[in-house]
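Trainee: Following this line is run.pdb, made up of PDB, C-alpha atoms and all ligand atoms:
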ATOM      1  CA  MET T   1      94.070 111.257  75.558
ATOM      2  CA  VAL T   2      94.837 112.690  78.960
ATOM      3  CA  GLN T   3      91.753 113.745  80.902
ATOM      4  CA  LYS T   4      91.791 117.504  81.497
ATOM      5  CA  THR T   5      91.512 118.939  84.988
ATOM      6  CA  PRO T   6      90.717 122.606  85.746
ATOM      7  CA  TYR T   7      94.164 123.872  86.840
ATOM      8  CA  ILE T   8      97.890 123.460  86.361
ATOM      9  CA  TRP T   9     100.365 125.032  88.776
ATOM     10  CA  PHE T  10     102.758 127.057  86.611
ATOM     11  CA  ASP T  11     105.715 128.967  88.096
ATOM     12  CA  GLY T  12     103.926 129.740  91.339
ATOM     13  CA  ASN T  13     100.309 130.194  90.207
ATOM     14  CA  LEU T  14      97.372 127.962  89.470
ATOM     15  CA  VAL T  15      96.399 128.703  85.871
ATOM     16  CA  PRO T  16      93.582 127.236  83.766
ATOM     17  CA  TRP T  17      94.680 124.007  82.032
ATOM     18  CA  ASP T  18      94.533 125.510  78.511
ATOM     19  CA  GLU T  19      96.620 128.523  79.501
ATOM     20  CA  ALA T  20      99.608 126.528  80.776
ATOM     21  CA  GLN T  21     101.697 127.070  77.629
ATOM     22  CA  VAL T  22     105.341 127.618  76.690
ATOM     23  CA  HIS T  23     107.157 129.177  73.747
ATOM     24  CA  VAL T  24     108.275 126.905  70.885
ATOM     25  CA  LEU T  25     111.875 127.984  71.520
ATOM     26  CA  THR T  26     111.778 126.464  75.002
ATOM     27  CA  HIS T  27     115.286 125.037  75.471
ATOM     28  CA  ALA T  28     113.981 121.715  76.837
ATOM     29  CA  LEU T  29     111.903 121.124  73.692
ATOM     30  CA  HIS T  30     115.095 121.251  71.638
ATOM     31  CA  TYR T  31     117.652 119.603  73.906
ATOM     32  CA  GLY T  32     115.629 117.541  76.406
ATOM     33  CA  VAL T  33     116.950 119.056  79.622
ATOM     34  CA  GLY T  34     114.207 118.838  82.176
ATOM     35  CA  VAL T  35     113.334 116.694  85.173
ATOM     36  CA  PHE T  36     110.031 115.283  86.265
ATOM     37  CA  GLU T  37     108.257 113.170  88.817
ATOM     38  CA  GLY T  38     105.375 110.742  88.744
ATOM     39  CA  ILE T  39     103.425 110.586  91.988
ATOM     40  CA  ARG T  40     100.076 109.066  92.907
ATOM     41  CA  ALA T  41      97.370 110.097  95.305
ATOM     42  CA  TYR T  42      94.955 107.442  96.512
ATOM     43  CA  ASN T  43      91.422 107.662  97.810
ATOM     44  CA  CYS T  44      91.484 106.360 101.383
ATOM     45  CA  GLY T  45      87.739 106.545 102.018
ATOM     46  CA  ASP T  46      87.060 109.576 104.184
ATOM     47  CA  CYS T  47      90.193 111.381 102.956
ATOM     48  CA  SER T  48      92.968 110.983 100.404
ATOM     49  CA  ALA T  49      96.711 110.477 100.633
ATOM     50  CA  VAL T  50      99.699 111.225  98.427
ATOM     51  CA  PHE T  51     102.024 108.238  98.585
ATOM     52  CA  ARG T  52     105.582 108.969  99.770
ATOM     53  CA  LEU T  53     105.396 112.639  98.868
ATOM     54  CA  PRO T  54     108.659 113.777 100.572
ATOM     55  CA  GLU T  55     110.617 111.033  98.814
ATOM     56  CA  HIS T  56     109.230 112.072  95.422
ATOM     57  CA  VAL T  57     109.930 115.753  96.038
ATOM     58  CA  ARG T  58     113.434 114.872  97.192
ATOM     59  CA  ARG T  59     114.081 112.848  94.050
ATOM     60  CA  PHE T  60     112.755 115.735  91.941
ATOM     61  CA  PHE T  61     115.334 118.082  93.436
ATOM     62  CA  ASP T  62     118.055 115.429  93.257
ATOM     63  CA  SER T  63     117.281 114.903  89.561
ATOM     64  CA  ALA T  64     117.706 118.648  88.987
ATOM     65  CA  ARG T  65     120.947 118.773  90.981
ATOM     66  CA  ILE T  66     122.412 116.021  88.813
ATOM     67  CA  LEU T  67     121.600 118.120  85.719
ATOM     68  CA  ARG T  68     122.949 121.313  87.338
ATOM     69  CA  MET T  69     119.518 122.861  87.111
ATOM     70  CA  THR T  70     118.403 125.033  90.013
ATOM     71  CA  ILE T  71     114.675 124.844  90.644
ATOM     72  CA  PRO T  72     113.749 128.341  91.890
ATOM     73  CA  HIS T  73     111.401 127.027  94.588
ATOM     74  CA  SER T  74     111.940 125.261  97.888
ATOM     75  CA  GLU T  75     111.019 121.623  98.481
ATOM     76  CA  GLN T  76     108.329 122.894 100.838
ATOM     77  CA  THR T  77     106.842 125.144  98.143
ATOM     78  CA  ILE T  78     106.656 122.252  95.695
ATOM     79  CA  THR T  79     105.173 119.972  98.366
ATOM     80  CA  ASP T  80     102.477 122.541  99.198
ATOM     81  CA  ALA T  81     101.855 123.251  95.515
ATOM     82  CA  ILE T  82     101.243 119.558  94.822
ATOM     83  CA  VAL T  83      98.560 119.383  97.496
ATOM     84  CA  ASP T  84      97.086 122.753  96.421
ATOM     85  CA  THR T  85      96.840 121.529  92.820
ATOM     86  CA  LEU T  86      95.118 118.303  93.866
ATOM     87  CA  LYS T  87      92.630 120.273  95.944
ATOM     88  CA  ALA T  88      92.023 122.907  93.255
ATOM     89  CA  ASN T  89      91.258 120.080  90.834
ATOM     90  CA  ASN T  90      89.074 118.344  93.409
ATOM     91  CA  MET T  91      91.087 115.169  92.966
ATOM     92  CA  LYS T  92      90.564 112.521  95.589
ATOM     93  CA  GLU T  93      92.935 110.273  93.689
ATOM     94  CA  GLY T  94      95.044 110.446  90.566
ATOM     95  CA  TYR T  95      98.438 111.054  89.089
ATOM     96  CA  ILE T  96     100.672 114.042  89.784
ATOM     97  CA  ARG T  97     103.308 115.290  87.352
ATOM     98  CA  PRO T  98     105.799 117.930  88.511
ATOM     99  CA  LEU T  99     108.178 119.032  85.727
ATOM    100  CA  SER T 100     111.016 121.571  85.691
ATOM    101  CA  PHE T 101     112.809 122.545  82.505
ATOM    102  CA  PHE T 102     114.985 125.180  80.877
ATOM    103  CA  GLY T 103     112.652 127.685  79.234
ATOM    104  CA  ALA T 104     113.101 130.002  76.245
ATOM    105  CA  GLY T 105     116.202 132.200  76.127
ATOM    106  CA  ALA T 106     119.562 131.228  74.662
ATOM    107  CA  MET T 107     119.265 128.887  71.698
ATOM    108  CA  GLY T 108     122.690 127.253  71.956
ATOM    109  CA  VAL T 109     123.167 123.959  73.704
ATOM    110  CA  LEU T 110     124.510 125.820  76.742
ATOM    111  CA  PRO T 111     121.657 127.136  78.886
ATOM    112  CA  LYS T 112     122.455 130.781  79.731
ATOM    113  CA  ASP T 113     119.591 133.166  80.367
ATOM    114  CA  ASN T 114     117.056 130.360  80.133
ATOM    115  CA  PRO T 115     114.734 130.480  83.134
ATOM    116  CA  VAL T 116     114.003 127.233  84.954
ATOM    117  CA  GLN T 117     110.240 126.838  84.692
ATOM    118  CA  THR T 118     108.121 124.499  86.771
ATOM    119  CA  ILE T 119     104.682 123.021  86.337
ATOM    120  CA  ILE T 120     102.596 120.634  88.394
ATOM    121  CA  ALA T 121      99.746 118.909  86.587
ATOM    122  CA  THR T 122      97.333 116.351  87.997
ATOM    123  CA  TRP T 123      94.962 114.088  86.125
ATOM    124  CA  PRO T 124      92.920 110.944  86.694
ATOM    125  CA  TRP T 125      94.910 107.853  85.749
ATOM    126  CA  GLY T 126      93.762 104.311  86.372
ATOM    127  CA  ALA T 127      95.909 101.220  85.986
ATOM    128  CA  TYR T 128      98.821 102.215  83.688
ATOM    129  CA  LEU T 129      98.859  98.930  81.787
ATOM    130  CA  GLY T 130      95.119  98.282  82.184
ATOM    131  CA  GLU T 131      93.011  96.685  84.947
ATOM    132  CA  ASP T 132      93.470  93.326  83.256
ATOM    133  CA  ALA T 133      97.233  93.702  83.555
ATOM    134  CA  LEU T 134      97.062  94.003  87.342
ATOM    135  CA  GLU T 135      94.906  90.892  87.441
ATOM    136  CA  LYS T 136      96.265  88.621  84.709
ATOM    137  CA  GLY T 137      99.785  89.882  84.150
ATOM    138  CA  ILE T 138     101.415  91.202  80.987
ATOM    139  CA  ARG T 139     103.421  89.959  78.032
ATOM    140  CA  VAL T 140     106.929  91.370  77.800
ATOM    141  CA  CYS T 141     109.779  91.279  75.298
ATOM    142  CA  THR T 142     113.454  91.941  75.728
ATOM    143  CA  SER T 143     114.049  95.205  73.909
ATOM    144  CA  SER T 144     116.482  95.662  71.062
ATOM    145  CA  PHE T 145     117.356  98.948  72.837
ATOM    146  CA  THR T 146     119.931  98.793  75.622
ATOM    147  CA  ARG T 147     119.351 100.821  78.797
ATOM    148  CA  HIS T 148     121.592 103.823  79.288
ATOM    149  CA  HIS T 149     125.183 103.391  80.329
ATOM    150  CA  VAL T 150     125.672 105.282  83.588
ATOM    151  CA  ASN T 151     128.224 107.600  82.024
ATOM    152  CA  VAL T 152     126.169 108.333  78.921
ATOM    153  CA  MET T 153     122.980 109.494  80.599
ATOM    154  CA  MET T 154     122.459 110.223  84.260
ATOM    155  CA  THR T 155     120.278 107.307  85.244
ATOM    156  CA  LYS T 156     119.646 108.512  88.810
ATOM    157  CA  SER T 157     118.043 111.630  87.369
ATOM    158  CA  LYS T 158     114.457 111.325  86.200
ATOM    159  CA  ALA T 159     115.482 113.452  83.261
ATOM    160  CA  VAL T 160     113.235 114.196  80.298
ATOM    161  CA  GLY T 161     115.866 113.248  77.700
ATOM    162  CA  ASN T 162     116.443 109.855  79.297
ATOM    163  CA  TYR T 163     112.986 108.876  78.145
ATOM    164  CA  VAL T 164     113.848 108.852  74.433
ATOM    165  CA  ASN T 165     115.319 105.432  75.175
ATOM    166  CA  SER T 166     112.111 104.406  76.993
ATOM    167  CA  VAL T 167     109.828 105.683  74.235
ATOM    168  CA  LEU T 168     111.787 103.796  71.555
ATOM    169  CA  ALA T 169     111.654 100.587  73.584
ATOM    170  CA  LYS T 170     107.955 100.954  74.367
ATOM    171  CA  MET T 171     106.973 101.728  70.743
ATOM    172  CA  GLU T 172     108.890  98.705  69.512
ATOM    173  CA  ALA T 173     107.359  96.414  72.143
ATOM    174  CA  VAL T 174     103.779  97.543  71.501
ATOM    175  CA  ASP T 175     104.164  97.421  67.706
ATOM    176  CA  ASP T 176     105.472  93.870  68.066
ATOM    177  CA  GLY T 177     102.378  92.881  70.054
ATOM    178  CA  TYR T 178     103.752  93.016  73.603
ATOM    179  CA  ASP T 179     102.577  95.113  76.531
ATOM    180  CA  GLU T 180     105.932  96.320  77.786
ATOM    181  CA  ALA T 181     109.652  96.312  77.042
ATOM    182  CA  LEU T 182     112.333  94.905  79.267
ATOM    183  CA  MET T 183     115.705  96.539  78.800
ATOM    184  CA  LEU T 184     119.123  95.062  79.491
ATOM    185  CA  ASP T 185     122.039  97.162  80.721
ATOM    186  CA  THR T 186     125.244  97.674  78.759
ATOM    187  CA  ASN T 187     126.718  94.533  80.373
ATOM    188  CA  GLY T 188     123.757  92.465  79.262
ATOM    189  CA  TYR T 189     122.078  92.129  82.655
ATOM    190  CA  VAL T 190     118.404  92.858  83.255
ATOM    191  CA  SER T 191     117.896  96.530  84.170
ATOM    192  CA  GLU T 192     114.321  97.860  84.031
ATOM    193  CA  ALA T 193     111.276  98.470  81.873
ATOM    194  CA  SER T 194     110.515 101.667  79.956
ATOM    195  CA  GLY T 195     108.985 103.163  83.107
ATOM    196  CA  ALA T 196     109.170 100.596  85.880
ATOM    197  CA  ASN T 197     111.562  98.493  87.930
ATOM    198  CA  ILE T 198     111.574  94.687  87.917
ATOM    199  CA  PHE T 199     111.481  91.933  90.519
ATOM    200  CA  ILE T 200     111.627  88.165  90.134
ATOM    201  CA  VAL T 201     110.711  85.426  92.587
ATOM    202  CA  ARG T 202     112.769  82.267  92.454
ATOM    203  CA  ARG T 203     112.732  79.413  94.980
ATOM    204  CA  GLY T 204     110.859  81.643  97.413
ATOM    205  CA  ILE T 205     113.440  84.444  97.270
ATOM    206  CA  ILE T 206     112.489  87.837  95.904
ATOM    207  CA  LYS T 207     115.193  89.405  93.796
ATOM    208  CA  THR T 208     115.518  92.837  92.239
ATOM    209  CA  THR T 209     118.248  94.496  90.214
ATOM    210  CA  PRO T 210     120.832  96.574  92.111
ATOM    211  CA  LEU T 211     120.817 100.368  91.827
ATOM    212  CA  THR T 212     123.413 100.719  89.108
ATOM    213  CA  SER T 213     121.875 101.704  85.788
ATOM    214  CA  ILE T 214     118.261 101.932  86.947
ATOM    215  CA  LEU T 215     116.083 104.685  88.329
ATOM    216  CA  GLU T 216     115.872 104.470  92.122
ATOM    217  CA  GLY T 217     112.218 103.555  92.166
ATOM    218  CA  ILE T 218     110.204 104.572  95.184
ATOM    219  CA  THR T 219     107.754 101.719  94.583
ATOM    220  CA  ARG T 220     110.732  99.334  94.400
ATOM    221  CA  ASP T 221     111.920 100.596  97.762
ATOM    222  CA  SER T 222     108.424 100.383  99.247
ATOM    223  CA  LEU T 223     107.917  96.816  98.035
ATOM    224  CA  MET T 224     111.262  95.705  99.454
ATOM    225  CA  VAL T 225     110.235  97.048 102.871
ATOM    226  CA  VAL T 226     106.734  95.549 102.669
ATOM    227  CA  ALA T 227     107.988  92.154 101.414
ATOM    228  CA  LYS T 228     110.550  91.923 104.215
ATOM    229  CA  ALA T 229     107.870  92.808 106.767
ATOM    230  CA  MET T 230     105.747  89.990 105.306
ATOM    231  CA  GLY T 231     108.616  87.601 106.036
ATOM    232  CA  TYR T 232     110.105  87.217 102.569
ATOM    233  CA  THR T 233     113.812  87.266 101.836
ATOM    234  CA  VAL T 234     114.606  90.099  99.423
ATOM    235  CA  VAL T 235     117.949  90.472  97.675
ATOM    236  CA  GLU T 236     119.370  93.076  95.292
ATOM    237  CA  GLN T 237     121.424  91.129  92.797
ATOM    238  CA  GLN T 238     122.171  91.236  89.091
ATOM    239  CA  PHE T 239     120.391  88.637  87.033
ATOM    240  CA  THR T 240     120.226  87.660  83.389
ATOM    241  CA  ARG T 241     117.317  87.318  81.015
ATOM    242  CA  ASP T 242     117.562  83.528  81.168
ATOM    243  CA  GLU T 243     117.228  83.616  84.947
ATOM    244  CA  LEU T 244     114.073  85.636  84.372
ATOM    245  CA  TYR T 245     112.847  82.945  81.939
ATOM    246  CA  VAL T 246     113.145  80.306  84.694
ATOM    247  CA  ALA T 247     111.804  82.469  87.531
ATOM    248  CA  ASP T 248     108.686  81.253  89.325
ATOM    249  CA  GLU T 249     107.199  84.750  89.199
ATOM    250  CA  ALA T 250     108.140  88.205  87.947
ATOM    251  CA  PHE T 251     106.604  91.643  88.171
ATOM    252  CA  PHE T 252     107.171  95.267  87.253
ATOM    253  CA  CYS T 253     106.611  98.054  89.729
ATOM    254  CA  GLY T 254     106.376 101.803  89.587
ATOM    255  CA  THR T 255     104.129 104.672  90.561
ATOM    256  CA  ALA T 256     102.151 104.349  87.333
ATOM    257  CA  ALA T 257     102.516 100.562  86.908
ATOM    258  CA  GLU T 258     101.917  99.859  90.632
ATOM    259  CA  LEU T 259     102.595  96.116  90.894
ATOM    260  CA  THR T 260     101.987  94.483  87.523
ATOM    261  CA  PRO T 261     102.692  90.752  87.260
ATOM    262  CA  ILE T 262     104.579  89.509  84.185
ATOM    263  CA  ARG T 263     103.049  86.383  82.723
ATOM    264  CA  GLU T 264     105.267  85.924  79.679
ATOM    265  CA  VAL T 265     108.730  87.041  78.553
ATOM    266  CA  ASP T 266     109.982  86.529  74.988
ATOM    267  CA  ARG T 267     107.195  83.948  74.403
ATOM    268  CA  ARG T 268     108.100  81.924  77.479
ATOM    269  CA  GLN T 269     105.494  81.580  80.203
ATOM    270  CA  ILE T 270     106.837  82.610  83.601
ATOM    271  CA  GLY T 271     106.399  79.815  86.155
ATOM    272  CA  THR T 272     103.028  78.094  86.218
ATOM    273  CA  GLY T 273     101.175  81.210  85.136
ATOM    274  CA  GLU T 274      99.977  81.729  88.714
ATOM    275  CA  PHE T 275     101.700  84.341  90.847
ATOM    276  CA  PRO T 276     100.860  83.782  94.510
ATOM    277  CA  ILE T 277     103.681  85.833  96.021
ATOM    278  CA  SER T 278     103.245  88.731  93.572
ATOM    279  CA  ARG T 279      99.526  88.679  94.271
ATOM    280  CA  ALA T 280     100.016  88.706  98.042
ATOM    281  CA  LEU T 281     102.448  91.613  97.728
ATOM    282  CA  GLN T 282     100.136  93.462  95.352
ATOM    283  CA  LYS T 283      97.235  93.044  97.788
ATOM    284  CA  GLU T 284      99.318  94.408 100.644
ATOM    285  CA  PHE T 285     100.642  97.255  98.445
ATOM    286  CA  PHE T 286      97.105  98.440  97.690
ATOM    287  CA  LYS T 287      96.226  98.247 101.389
ATOM    288  CA  VAL T 288      99.291 100.347 102.216
ATOM    289  CA  VAL T 289      98.660 103.067  99.618
ATOM    290  CA  GLN T 290      94.968 103.261 100.481
ATOM    291  CA  GLY T 291      95.701 103.785 104.163
ATOM    292  CA  GLN T 292      94.458 100.392 105.316
ATOM    293  CA  ASP T 293      97.649  99.298 107.043
ATOM    294  CA  PRO T 294      98.517 101.544 109.996
ATOM    295  CA  ALA T 295     102.123 100.282 109.992
ATOM    296  CA  TYR T 296     102.765 102.446 106.907
ATOM    297  CA  GLU T 297     100.926 105.596 107.948
ATOM    298  CA  GLY T 298     104.264 107.446 107.775
ATOM    299  CA  TRP T 299     104.297 106.991 103.987
ATOM    300  CA  LEU T 300     101.007 108.834 103.521
ATOM    301  CA  HIS T 301     100.536 112.564 103.145
ATOM    302  CA  ARG T 302      96.860 112.881 103.925
ATOM    303  CA  TYR T 303      94.638 115.655 102.598
ATOM    304  CA  SER T 304      90.949 116.221 102.021
ATOM    305  CA  CYS T 305      89.329 117.821  99.017
TER     306      CYS T 305
HETATM  307  N1  LIG T 401     112.264 103.139  86.182
HETATM  308  C1  LIG T 401     111.862 104.066  85.305
HETATM  309  C2  LIG T 401     112.646 104.249  84.052
HETATM  310  C3  LIG T 401     110.737 104.865  85.565
HETATM  311  O1  LIG T 401     110.337 105.792  84.685
HETATM  312  C4  LIG T 401     110.004 104.639  86.751
HETATM  313  C5  LIG T 401     108.780 105.459  87.034
HETATM  314  N2  LIG T 401     109.086 106.620  87.736
HETATM  315  C6  LIG T 401     110.454 103.654  87.640
HETATM  316  C7  LIG T 401     111.587 102.923  87.321
HETATM  317  C8  LIG T 401     109.739 103.403  88.930
HETATM  318  O2  LIG T 401     109.928 104.456  89.829
HETATM  319  P1  LIG T 401     108.851 104.845  90.925
HETATM  320  O3  LIG T 401     108.502 103.590  91.640
HETATM  321  O4  LIG T 401     109.535 105.811  91.799
HETATM  322  O5  LIG T 401     107.685 105.401  90.211
END
Go through the file and emit its structure as structure tokens.
Ligand code: PMP
Mentor:
Amino acid sequence: MVQKTPYIWFDGNLVPWDEAQVHVLTHALHYGVGVFEGIRAYNCGDCSAVFRLPEHVRRFFDSARILRMTIPHSEQTITDAIVDTLKANNMKEGYIRPLSFFGAGAMGVLPKDNPVQTIIATWPWGAYLGEDALEKGIRVCTSSFTRHHVNVMMTKSKAVGNYVNSVLAKMEAVDDGYDEALMLDTNGYVSEASGANIFIVRRGIIKTTPLTSILEGITRDSLMVVAKAMGYTVVEQQFTRDELYVADEAFFCGTAAELTPIREVDRRQIGTGEFPISRALQKEFFKVVQGQDPAYEGWLHRYSC
């Protein structure tokens, strides 16, 4: 169960966690139209830092624009509210969840007088797939669920309804004894996991899927920059599940998943079971987010509790 924190920012005010409630006729509960973000703050020793805050806030507003939903706050207000919520909850590190959605009003599919409501919650969240996962890697299966076609759901929007597909894939994977689901796109190429992007390493080259049917991951972008700076060649290219089977290394990445190595896909071990390049990248990633590499200071929004 999620660990409670004292406050949730709700339509402009910090309210006690238990009082942040909505009506059961909230439009988004019925039709799934809402947008959200997943952001992390890291403890950097003498202060804390939100990782790539402007990029997350930008994507939040872009997600809403795609859904023709107008968030009645400015990007600056949301940015300030995120930091205020972290401070009010005395959180030196943790996960941040902004969410905007159509509230109660008209009950038809068409949102009419439904207000756009916004919350920002923060809570402590360790390694999404477990500490062991970061260290030893995870077991993955190709999902029986296909990732959205770009004209069926809006894949560049981090939209609430899009996650029905993710939840189905994740439930199936976990019930079948795996840690995570890998989804293929409607053409059969590798797309992403239920809540993370994917990279493979083959013959020293780091490869990730192009931005067609996937969410434009901010961790994905960060890792491409960091890997290039470390001297690796990084390409964005479609690949198939059998190329993944013969990759030397593979990993998922995302705000929650951070950089999680994949040790097995569909009962095939990936490479030798060691992941030197993934590990080197993961080590550098944690240095970057924890403010230990000055080259990436621009990605940190520092604050103190
Ligand atoms: N794909 C999906 C479907 C996701 O839910 C996430 C998590 N937001 C990602 C990729 C990774 O995105 P990010 O690195 O921005 O967290």
Trainee: Can you report as JSON the centre and edge lengths in Å, to one decimal, of an axis-aligned box around the listed atoms of ligand LIG 401 (chain T) padded with 6 Å on each side?
Mentor:
{"center_x": 110.2, "center_y": 104.8, "center_z": 87.9, "size_x": 17.0, "size_y": 15.7, "size_z": 19.7}
Trainee: What would the selection look like, as a PyMOL selection string, if the PyMOL selection byres (((not hetatm)) within 10 of (chain T and resi 401)) were run on the coordinates I just shared?
Mentor: chain T and resi 36-40+52+55-56+59+147+155-160+162-163+165-166+183+191-198+213-223+252-259
Trainee: At a cut-off of 10 Å around the point (110.2, 118.8, 84.3) (file coordinates), what residues fall inside when counting only C-alpha atoms? I'd like the answer as a list in words.
Mentor: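 The answer, in the requested form, is Ala28, Gly32, Val33, Gly34, Val35, Phe36, Glu37, Phe60, Ser63, Ala64, Ile71, Arg97, Pro98, Leu99, Ser100, Phe101, Phe102, Val116, Gln117, Thr118, Ile119, Ile120, Lys158, Ala159 and Val160 of chain T.
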Trainee: Name all residues at most 12 Å from Asp46 in chain T (count all atoms listed in the file; drop same-chain ones fewer than 4 positions away) and give them as a ChimeraX atom specification.
Mentor: /T:42,92,290-292,302-305
Trainee: Kindly save the residues from that selection, with C-alpha atoms included, as an mmCIF file, in the coordinates of the input.
Mentor:
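Wrote it out as result-v5.cif, contents follow:
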data_model
loop_
_atom_site.group_PDB
_atom_site.id
_atom_site.type_symbol
_atom_site.label_atom_id
_atom_site.label_comp_id
_atom_site.auth_asym_id
_atom_site.auth_seq_id
_atom_site.Cartn_x
_atom_site.Cartn_y
_atom_site.Cartn_z
ATOM 1 C CA TYR T 42 94.955 107.442 96.512
ATOM 2 C CA LYS T 92 90.564 112.521 95.589
ATOM 3 C CA GLN T 290 94.968 103.261 100.481
ATOM 4 C CA GLY T 291 95.701 103.785 104.163
ATOM 5 C CA GLN T 292 94.458 100.392 105.316
ATOM 6 C CA ARG T 302 96.860 112.881 103.925
ATOM 7 C CA TYR T 303 94.638 115.655 102.598
ATOM 8 C CA SER T 304 90.949 116.221 102.021
ATOM 9 C CA CYS T 305 89.329 117.821 99.017
#
Trainee: For His30 in chain T, find every residue with an atom within 10 Å (counting only C-alpha atoms), except residues of its own chain fewer than 6 positions away, and show them as a short mmCIF file (atom, residue, chain, number, x, y, z; two decimals) with C-alpha atoms, keeping the file's coordinate frame.
Mentor:
data_model
loop_
_atom_site.label_atom_id
_atom_site.label_comp_id
_atom_site.auth_asym_id
_atom_site.auth_seq_id
_atom_site.Cartn_x
_atom_site.Cartn_y
_atom_site.Cartn_z
CA VAL T 24 108.28 126.90 70.89
CA MET T 107 119.26 128.89 71.70
CA GLY T 108 122.69 127.25 71.96
CA VAL T 109 123.17 123.96 73.70
#
Trainee: What residues come out when you apply the PyMOL selection byres (((chain T and resi 231) around 12) and not hetatm) to this file, written as a list in words?
Mentor: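 In the shown coordinates, the PyMOL selection byres (((chain T and resi 231) around 12) and not hetatm) covers Gly204, Ile205, Ile206, Met224, Val225, Val226, Ala227, Lys228, Ala229, Met230, Tyr232, Thr233, Val234, Ile277, Ala280 and Leu281 of chain T.
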Trainee: One decimal, Å: what's the distance from CA of Leu244 in chain T over to CA of Arg202 in chain T, could you say?
Mentor: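 Between CA of Leu244 in chain T and CA of Arg202 in chain T the gap is 8.9 Å.
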Trainee: Given only C-alpha atoms as the basis, pick out the residue of T:Glu75, T:Asn89, T:Arg241, T:Lys287 nearest to Asn43 in chain T.
Mentor: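 Closest residue, counting only C-alpha atoms: T:Lys287.
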Trainee: Do you know which residues are at most 12 Å from Arg263 in chain T counting all atoms listed in the file, after dropping those on the same chain fewer than 3 positions away, and could you put them as an MDAnalysis selection string?
Mentor: chainID T and resid 132:141 178:180 200 244:252 260 266:275 278
Trainee: Go ahead and compute the interatomic distance for CA of Asp18 in chain T and CA of Tyr128 in chain T, in Å to one decimal.
Mentor: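 One can read the CA of Asp18 in chain T to CA of Tyr128 in chain T distance as 24.2 Å.
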Trainee: When you draw a straight line from CA of Glu243 in chain T to CA of Val150 in chain T, how long is it in Å?
Mentor: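 Pair CA of Glu243 in chain T / CA of Val150 in chain T returns 23.3 Å.
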Trainee: Evaluate the PyMOL selection byres (((chain T and resi 3) around 7) and not hetatm) against this structure - the residues, as a count of residues only, please.
Mentor: 6
Trainee: Return the single residue from T:Cys44, T:Met154, T:Ala106, T:Ile96 that is closest to Val57 in chain T, with distances computed using all atoms listed in the file.
Mentor: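 Of T:Cys44, T:Met154, T:Ala106, T:Ile96, the one nearest Val57 in chain T, counting all atoms listed in the file, is T:Ile96.
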Trainee: Using only C-alpha atoms, which of the listed residues (T:Leu211, T:Leu86, T:Ala295, T:Met69) sits closest to Gln237 in chain T?
Mentor: T:Leu211
Trainee: Can you pull out every residue within 12 Å of Glu19 in chain T, counting only C-alpha atoms, but drop anything in the same chain fewer than 4 positions away, and send it as a ChimeraX atom specification?
Mentor: /T:6-10,13-15,119
Trainee: Would you write out those residues with C-alpha atoms, as a compact mmCIF listing (two decimals), in the coordinates of the input?
Mentor:
# COMPACT_ATOMS: atom_id res chain seq x y z
CA PRO T 6 90.72 122.61 85.75
CA TYR T 7 94.16 123.87 86.84
CA ILE T 8 97.89 123.46 86.36
CA TRP T 9 100.36 125.03 88.78
CA PHE T 10 102.76 127.06 86.61
CA ASN T 13 100.31 130.19 90.21
CA LEU T 14 97.37 127.96 89.47
CA VAL T 15 96.40 128.70 85.87
CA ILE T 119 104.68 123.02 86.34
Trainee: Quick one: residues within 8 Å of Thr146 in chain T, all atoms listed in the file, excluding same-chain residues fewer than 4 positions away - as a PyMOL selection string?
Mentor: chain T and resi 183-186
Trainee: Choose the residue, out of T:Ala173, T:Thr79, T:Gly103, T:Phe145, that has the smallest atom-to-atom separation from Leu25 in chain T; count only C-alpha atoms.
Mentor: T:Gly103
